[in-house]
Amino acid sequence: MIYKIIPLLFLFLVMSSNSLIAQSADDKSGLPKDDPLAVKLTQNLSETDTYVWPKDPRVRENLKKWQGYKFGLLIHMGLYSELGIVESWALCPEDWITRDGYDDYYKFCNDYRNTRTRFNPVNFDPEKWARMFKNSGAKYMIYSSKHHDGFCLFDSKYTDFKITDKSCPFSANPRSNVLKEVLEASRKEGLATGIYFSKPDWTTPYFWWSYYPPKDRNPSYDITKHPDRWKKFVEYTQNQLNELTTDYGKVDILWLDGCWVRPLSTINKHVEEFCKYPYDMDINMKLISEKARAKQPGMLVVDRWVPGEFEDYLTPEQKMPEKPLTVPWESCITMGGAWGWVKNDHYKSSKELVQLLVNIVAKGGNLLLGVGPNGKGEFEPKVSENLNLLGKWLNENGEAIYDTNPVEPFLDGKVAYTTKGSDTIYAIYMPSGEETKLPAEIKINTQFTDRLKVTLLSSNQKLGYKPADHGIKITIPQNLRAKLAKQEAVVIKVSR
């Protein structure tokens, strides 16, 4: 069999979103509902040639570096963290959304926005956070500056709906500019940093004008009849993005969410059923990108799910592709059921997380793992425990993850494959939860057959092997089989 290394570079549009959700009044499990747009996009997954490679050599260089990172964290925090509900979506008056304990939409919205008067994450400790991020093995961190509700976790000059406004008790804290603190602490730990920003804003009167009640996630008014108001929204958005790329140090990634705010010309068959707003919501991404990169040379720009030159890598949500793909991609997936902190969330185990990472990396992608602190600025013990265990595994086995390429057969049963160069492959065996001991032999599909060095990567212990059809069979010592089955994944390094 001939084994080919493919470029580390998904195809347009995969989403099965737990994020675009609101807490259901009758869902006692704490699990969220899916946004119909997200479900539709998942069902319509197809391999289309929509990706546009960056022309700027500095962007391409940083994109290649980013692809080697393999693992990052996406941190969501906001008023929803105080309430313990899914981020922002209960504000959206679409018929798939329910609001626990409310039968009055306007009362809910008023109560939600007034949460700022008691939002006080007094235990916020950016250095502690950054150490946890670093120790998880993550190479980059993206922090939410503003979600769809419009509440800013940074000191924007263009709104008082922000954590640094005097109406918010945390504004008196010397570290009230949360975004600035998290970015600086993360950089000091050696992490690349990114900023999440929602293009739609459901509090600014330039998007949801109170003269007209909102009907859905789109502007509440006809922007063609009120062009001056829409122009103010575009300027508002551009001004805030200018703040974020000017006043907050080095920004490696600008990660833009809210794909329905887009040029009318970019609406395709994947989104046309749900992106029905009939007017052009162009915010001039060309100008935004040019201004940002004038201050942040080589910065990656990710205008999610809007195909074209401002989507430097693709971002399937809560999903991964079934096979390796030939463009840069990152699966953004939550550790629990939501992006931020929600009450009684259910978190994946460390074994599930490691094996998720392995599956994604074997297909040439990155994992962006979503977690969030509660309203006091603290992460759940299970989140900290999982991140610590992830870091421990990566500390011993990261050689098989970071800066690797996918290699055929990519995934074969419980074994995933990565490679470096032409003389080393890594076979990553993923034990099931019920497995009490590893098999006596593990088949590895490889063209390497003679005079090989075969070791357990975590301990450098040599392993015996013998030729087999299209590869080799590795002998697992009897005294290690039970111990290795307890690990999240077992890496066998094969080199010649």
# chains A, B, ... in the order shown; residues from 1 in each chain; ligands from 1
>>> residues_around(residues="A:Glu352", least_positions_apart="4", cutoff="12 Å", atoms="only C-alpha atoms", output="mmCIF file with C-alpha atoms, in the first residue's frame")
data_model
loop_
_atom_site.group_PDB
_atom_site.id
_atom_site.type_symbol
_atom_site.label_atom_id
_atom_site.label_comp_id
_atom_site.auth_asym_id
_atom_site.auth_seq_id
_atom_site.Cartn_x
_atom_site.Cartn_y
_atom_site.Cartn_z
ATOM 1 C CA ILE A 333 -16.464 21.736 20.091
ATOM 2 C CA THR A 334 -17.651 22.288 23.646
ATOM 3 C CA MET A 335 -16.353 20.352 26.631
ATOM 4 C CA GLY A 336 -19.902 20.321 27.996
ATOM 5 C CA TYR A 347 -18.767 17.371 30.625
ATOM 6 C CA LYS A 348 -16.896 14.963 28.416
ATOM 7 C CA LEU A 356 -11.536 13.708 20.057
ATOM 8 C CA LEU A 357 -8.278 15.595 19.591
ATOM 9 C CA VAL A 358 -6.585 12.529 18.107
ATOM 10 C CA ASN A 359 -9.435 11.981 15.626
ATOM 11 C CA ASN A 386 -10.025 17.705 32.375
ATOM 12 C CA LEU A 389 -5.355 15.591 32.307
ATOM 13 C CA LEU A 390 -5.262 16.745 28.697
ATOM 14 C CA MET A 430 -7.593 4.611 21.480
ATOM 15 C CA PRO A 431 -8.901 2.186 24.113
ATOM 16 C CA SER A 432 -12.653 2.021 24.577
ATOM 17 C CA GLY A 433 -14.218 2.741 27.949
ATOM 18 C CA GLN A 487 -4.677 5.698 29.430
ATOM 19 C CA GLU A 488 -6.677 8.087 27.272
ATOM 20 C CA ALA A 489 -4.714 6.920 24.218
#
>>> residues_around(residues="stretch 363-371 of chain A", least_positions_apart="5", cutoff="9 Å", atoms="only C-alpha atoms", output="number ranges by chain")
A: 6-10, 66-76, 138, 140-142, 320-336, 338-341, 353, 356-358, 379, 383, 404-407, 410-411, 417-418
>>> write_last_selection(atoms="C-alpha atoms", output="compact mmCIF listing (two decimals), in the first residue's frame")
# COMPACT_ATOMS: atom_id res chain seq x y z
CA ILE A 6 -1.80 15.16 2.66
CA PRO A 7 -1.52 18.91 3.28
CA LEU A 8 -2.65 20.14 6.70
CA LEU A 9 -5.11 22.10 5.17
CA PHE A 10 -12.43 21.23 5.05
CA TRP A 66 -1.38 27.85 13.35
CA GLN A 67 -1.99 24.49 11.70
CA GLY A 68 0.87 23.06 13.75
CA TYR A 69 -0.71 24.22 17.02
CA LYS A 70 -3.45 21.54 16.78
CA PHE A 71 -5.15 22.46 20.06
CA GLY A 72 -6.67 25.71 21.29
CA LEU A 73 -9.27 26.95 23.77
CA LEU A 74 -12.31 29.17 23.17
CA ILE A 75 -13.49 30.98 26.30
CA HIS A 76 -17.01 32.40 26.54
CA ALA A 138 -3.24 24.34 24.28
CA TYR A 140 -3.65 29.22 21.40
CA MET A 141 -6.57 30.83 23.20
CA ILE A 142 -9.52 32.77 21.77
CA MET A 320 -15.54 17.01 12.40
CA PRO A 321 -15.30 15.83 8.79
CA GLU A 322 -15.51 12.15 8.04
CA LYS A 323 -12.21 12.21 6.17
CA PRO A 324 -9.11 14.40 5.83
CA LEU A 325 -9.57 17.59 3.84
CA THR A 326 -7.26 19.75 1.81
CA VAL A 327 -7.87 23.22 3.27
CA PRO A 328 -7.17 24.63 6.76
CA TRP A 329 -9.86 23.77 9.29
CA GLU A 330 -10.66 23.72 12.99
CA SER A 331 -13.49 21.92 14.76
CA CYS A 332 -14.88 24.07 17.55
CA ILE A 333 -16.46 21.74 20.09
CA THR A 334 -17.65 22.29 23.65
CA MET A 335 -16.35 20.35 26.63
CA GLY A 336 -19.90 20.32 28.00
CA ALA A 338 -22.78 24.86 25.95
CA TRP A 339 -20.02 27.34 25.16
CA GLY A 340 -20.31 29.22 28.44
CA TRP A 341 -21.11 28.04 31.94
CA LEU A 353 -11.38 14.73 24.88
CA LEU A 356 -11.54 13.71 20.06
CA LEU A 357 -8.28 15.60 19.59
CA VAL A 358 -6.58 12.53 18.11
CA PHE A 379 -14.15 27.38 36.16
CA VAL A 383 -13.15 21.67 33.63
CA THR A 404 2.26 16.59 12.49
CA ASN A 405 0.71 15.66 9.16
CA PRO A 406 -2.07 13.16 8.51
CA VAL A 407 -1.02 9.97 6.78
CA PHE A 410 -5.64 8.12 8.80
CA LEU A 411 -8.04 6.13 11.00
CA TYR A 417 -2.10 7.85 12.36
CA THR A 418 0.05 10.96 12.17
>>> residues_around(residues="stretch 457-471 of chain A", least_positions_apart="2", cutoff="7 Å", atoms="only C-alpha atoms", output="JSON, numbers by chain")
{"A": [1, 396, 397, 444, 445, 446, 447, 448, 449, 454, 455, 473, 474, 475, 476, 491, 492, 493]}
>>> write_last_selection(atoms="N, CA, C and O atoms", output="JSON list (two decimals), in the first residue's frame")
[["chain", "number", "residue", "atom", "x", "y", "z"],
["A", 1, "MET", "N", 0.86, -1.19, 0.00],
["A", 1, "MET", "CA", 0.00, 0.00, 0.00],
["A", 1, "MET", "C", 0.89, 1.24, 0.00],
["A", 1, "MET", "O", 1.89, 1.29, 0.70],
["A", 396, "GLU", "N", 3.35, 14.03, 27.56],
["A", 396, "GLU", "CA", 4.02, 12.76, 27.27],
["A", 396, "GLU", "C", 3.92, 12.36, 25.80],
["A", 396, "GLU", "O", 4.78, 11.64, 25.30],
["A", 397, "ASN", "N", 2.87, 12.81, 25.13],
["A", 397, "ASN", "CA", 2.60, 12.30, 23.79],
["A", 397, "ASN", "C", 2.45, 13.38, 22.72],
["A", 397, "ASN", "O", 2.09, 13.09, 21.58],
["A", 444, "ILE", "N", -0.49, -2.42, 12.76],
["A", 444, "ILE", "CA", -0.24, -1.06, 12.26],
["A", 444, "ILE", "C", -0.06, -1.12, 10.76],
["A", 444, "ILE", "O", 0.78, -1.87, 10.25],
["A", 445, "ASN", "N", -0.86, -0.36, 10.06],
["A", 445, "ASN", "CA", -0.76, -0.28, 8.61],
["A", 445, "ASN", "C", 0.33, 0.71, 8.24],
["A", 445, "ASN", "O", 0.22, 1.91, 8.52],
["A", 446, "THR", "N", 1.38, 0.22, 7.65],
["A", 446, "THR", "CA", 2.50, 1.08, 7.27],
["A", 446, "THR", "C", 3.32, 0.39, 6.19],
["A", 446, "THR", "O", 3.37, -0.83, 6.11],
["A", 447, "GLN", "N", 3.96, 1.22, 5.39],
["A", 447, "GLN", "CA", 4.89, 0.66, 4.41],
["A", 447, "GLN", "C", 6.26, 0.39, 5.04],
["A", 447, "GLN", "O", 7.11, -0.24, 4.44],
["A", 448, "PHE", "N", 6.47, 0.86, 6.27],
["A", 448, "PHE", "CA", 7.71, 0.54, 6.99],
["A", 448, "PHE", "C", 7.64, -0.92, 7.44],
["A", 448, "PHE", "O", 6.70, -1.32, 8.14],
["A", 449, "THR", "N", 8.63, -1.70, 7.11],
["A", 449, "THR", "CA", 8.59, -3.11, 7.50],
["A", 449, "THR", "C", 9.92, -3.64, 8.04],
["A", 449, "THR", "O", 9.93, -4.56, 8.85],
["A", 454, "VAL", "N", 10.73, 0.68, 17.18],
["A", 454, "VAL", "CA", 9.34, 0.77, 17.62],
["A", 454, "VAL", "C", 9.33, 0.97, 19.13],
["A", 454, "VAL", "O", 9.89, 0.16, 19.87],
["A", 455, "THR", "N", 8.69, 2.06, 19.58],
["A", 455, "THR", "CA", 8.69, 2.36, 21.02],
["A", 455, "THR", "C", 7.32, 2.89, 21.45],
["A", 455, "THR", "O", 6.55, 3.42, 20.65],
["A", 473, "LYS", "N", 2.84, -6.07, 13.00],
["A", 473, "LYS", "CA", 2.11, -6.32, 14.23],
["A", 473, "LYS", "C", 3.03, -6.02, 15.41],
["A", 473, "LYS", "O", 4.13, -6.56, 15.49],
["A", 474, "ILE", "N", 2.55, -5.16, 16.30],
["A", 474, "ILE", "CA", 3.32, -4.76, 17.47],
["A", 474, "ILE", "C", 2.93, -5.64, 18.65],
["A", 474, "ILE", "O", 1.74, -5.85, 18.93],
["A", 475, "THR", "N", 3.92, -6.13, 19.35],
["A", 475, "THR", "CA", 3.66, -6.94, 20.54],
["A", 475, "THR", "C", 3.58, -6.04, 21.78],
["A", 475, "THR", "O", 4.50, -5.26, 22.05],
["A", 476, "ILE", "N", 2.47, -6.14, 22.50],
["A", 476, "ILE", "CA", 2.29, -5.37, 23.74],
["A", 476, "ILE", "C", 2.60, -6.28, 24.91],
["A", 476, "ILE", "O", 1.94, -7.32, 25.11],
["A", 491, "VAL", "N", 0.37, 5.91, 22.36],
["A", 491, "VAL", "CA", 1.08, 6.27, 21.14],
["A", 491, "VAL", "C", 2.27, 5.33, 20.92],
["A", 491, "VAL", "O", 3.13, 5.18, 21.79],
["A", 492, "ILE", "N", 2.29, 4.71, 19.76],
["A", 492, "ILE", "CA", 3.41, 3.86, 19.35],
["A", 492, "ILE", "C", 4.16, 4.59, 18.23],
["A", 492, "ILE", "O", 3.59, 4.93, 17.20],
["A", 493, "LYS", "N", 5.42, 4.84, 18.48],
["A", 493, "LYS", "CA", 6.26, 5.55, 17.50],
["A", 493, "LYS", "C", 7.03, 4.52, 16.68],
["A", 493, "LYS", "O", 7.68, 3.62, 17.22]]
>>> select_by_dssp(residues="stretch 362-447 of chain A", states="helix (DSSP H, G or I)", output="PDB file with N, CA and C atoms, in the first residue's frame")
ATOM      1  N   ALA A 362      -5.694  13.507  13.254  1.00  0.00           N
ATOM      2  CA  ALA A 362      -5.443  12.475  12.250  1.00  0.00           C
ATOM      3  C   ALA A 362      -6.025  12.854  10.889  1.00  0.00           C
ATOM      4  N   PRO A 381     -14.635  22.645  38.764  1.00  0.00           N
ATOM      5  CA  PRO A 381     -13.527  21.711  39.040  1.00  0.00           C
ATOM      6  C   PRO A 381     -13.338  20.675  37.939  1.00  0.00           C
ATOM      7  N   LYS A 382     -14.441  20.202  37.338  1.00  0.00           N
ATOM      8  CA  LYS A 382     -14.313  19.181  36.288  1.00  0.00           C
ATOM      9  C   LYS A 382     -13.611  19.755  35.062  1.00  0.00           C
ATOM     10  N   VAL A 383     -13.840  21.031  34.758  1.00  0.00           N
ATOM     11  CA  VAL A 383     -13.148  21.668  33.635  1.00  0.00           C
ATOM     12  C   VAL A 383     -11.651  21.720  33.913  1.00  0.00           C
ATOM     13  N   SER A 384     -11.296  22.179  35.096  1.00  0.00           N
ATOM     14  CA  SER A 384      -9.874  22.258  35.464  1.00  0.00           C
ATOM     15  C   SER A 384      -9.225  20.883  35.460  1.00  0.00           C
ATOM     16  N   GLU A 385      -9.945  19.887  35.987  1.00  0.00           N
ATOM     17  CA  GLU A 385      -9.411  18.524  36.025  1.00  0.00           C
ATOM     18  C   GLU A 385      -9.180  17.992  34.612  1.00  0.00           C
ATOM     19  N   ASN A 386     -10.161  18.185  33.746  1.00  0.00           N
ATOM     20  CA  ASN A 386     -10.025  17.705  32.375  1.00  0.00           C
ATOM     21  C   ASN A 386      -8.861  18.380  31.648  1.00  0.00           C
ATOM     22  N   LEU A 387      -8.740  19.692  31.817  1.00  0.00           N
ATOM     23  CA  LEU A 387      -7.649  20.405  31.146  1.00  0.00           C
ATOM     24  C   LEU A 387      -6.290  19.948  31.671  1.00  0.00           C
ATOM     25  N   ASN A 388      -6.224  19.672  32.961  1.00  0.00           N
ATOM     26  CA  ASN A 388      -4.978  19.187  33.534  1.00  0.00           C
ATOM     27  C   ASN A 388      -4.612  17.815  32.970  1.00  0.00           C
ATOM     28  N   LEU A 389      -5.607  16.929  32.849  1.00  0.00           N
ATOM     29  CA  LEU A 389      -5.355  15.591  32.307  1.00  0.00           C
ATOM     30  C   LEU A 389      -4.999  15.647  30.822  1.00  0.00           C
ATOM     31  N   LEU A 390      -5.635  16.547  30.089  1.00  0.00           N
ATOM     32  CA  LEU A 390      -5.262  16.745  28.697  1.00  0.00           C
ATOM     33  C   LEU A 390      -3.794  17.157  28.597  1.00  0.00           C
ATOM     34  N   GLY A 391      -3.409  18.108  29.439  1.00  0.00           N
ATOM     35  CA  GLY A 391      -2.025  18.584  29.429  1.00  0.00           C
ATOM     36  C   GLY A 391      -1.032  17.499  29.809  1.00  0.00           C
ATOM     37  N   LYS A 392      -1.407  16.675  30.770  1.00  0.00           N
ATOM     38  CA  LYS A 392      -0.526  15.584  31.180  1.00  0.00           C
ATOM     39  C   LYS A 392      -0.314  14.618  30.023  1.00  0.00           C
ATOM     40  N   TRP A 393      -1.399  14.276  29.310  1.00  0.00           N
ATOM     41  CA  TRP A 393      -1.272  13.363  28.178  1.00  0.00           C
ATOM     42  C   TRP A 393      -0.428  13.991  27.074  1.00  0.00           C
ATOM     43  N   LEU A 394      -0.673  15.259  26.785  1.00  0.00           N
ATOM     44  CA  LEU A 394       0.077  15.929  25.718  1.00  0.00           C
ATOM     45  C   LEU A 394       1.538  16.129  26.095  1.00  0.00           C
ATOM     46  N   ASN A 395       1.816  16.298  27.368  1.00  0.00           N
ATOM     47  CA  ASN A 395       3.201  16.439  27.793  1.00  0.00           C
ATOM     48  C   ASN A 395       4.008  15.183  27.475  1.00  0.00           C
ATOM     49  N   GLU A 396       3.351  14.030  27.558  1.00  0.00           N
ATOM     50  CA  GLU A 396       4.023  12.764  27.274  1.00  0.00           C
ATOM     51  C   GLU A 396       3.921  12.359  25.799  1.00  0.00           C
ATOM     52  N   ASN A 397       2.873  12.809  25.132  1.00  0.00           N
ATOM     53  CA  ASN A 397       2.596  12.297  23.787  1.00  0.00           C
ATOM     54  C   ASN A 397       2.452  13.379  22.722  1.00  0.00           C
ATOM     55  N   GLY A 398       2.738  14.613  23.082  1.00  0.00           N
ATOM     56  CA  GLY A 398       2.530  15.717  22.166  1.00  0.00           C
ATOM     57  C   GLY A 398       3.325  15.628  20.881  1.00  0.00           C
ATOM     58  N   GLU A 399       4.429  14.894  20.905  1.00  0.00           N
ATOM     59  CA  GLU A 399       5.225  14.715  19.690  1.00  0.00           C
ATOM     60  C   GLU A 399       4.390  14.125  18.559  1.00  0.00           C
ATOM     61  N   ALA A 400       3.373  13.325  18.915  1.00  0.00           N
ATOM     62  CA  ALA A 400       2.511  12.691  17.911  1.00  0.00           C
ATOM     63  C   ALA A 400       1.360  13.594  17.480  1.00  0.00           C
TER      64      ALA A 400
END
>>> closest_atom_pairs(of="stretch 207-258 of chain A", to="stretch 291-314 of chain A", cutoff="9 Å", atoms="only C-alpha atoms", output="Markdown table")
| residue | atom | partner | partner_atom | distance |
| --- | --- | --- | --- | --- |
| A:Leu241 | CA | A:Ala292 | CA | 8.0 |
| A:Asn242 | CA | A:Ala292 | CA | 6.7 |
| A:Leu244 | CA | A:Ala292 | CA | 8.9 |
| A:Thr245 | CA | A:Ala292 | CA | 5.7 |
| A:Thr246 | CA | A:Lys295 | CA | 6.7 |
| A:Gly249 | CA | A:Gln296 | CA | 8.9 |
| A:Lys250 | CA | A:Gln296 | CA | 6.7 |
| A:Val251 | CA | A:Gln296 | CA | 6.7 |
| A:Asp252 | CA | A:Met299 | CA | 5.0 |
| A:Ile253 | CA | A:Leu300 | CA | 4.7 |
| A:Leu254 | CA | A:Val301 | CA | 4.9 |
| A:Trp255 | CA | A:Val302 | CA | 4.9 |
| A:Leu256 | CA | A:Asp303 | CA | 5.0 |
| A:Asp257 | CA | A:Arg304 | CA | 5.9 |
| A:Gly258 | CA | A:Arg304 | CA | 7.5 |
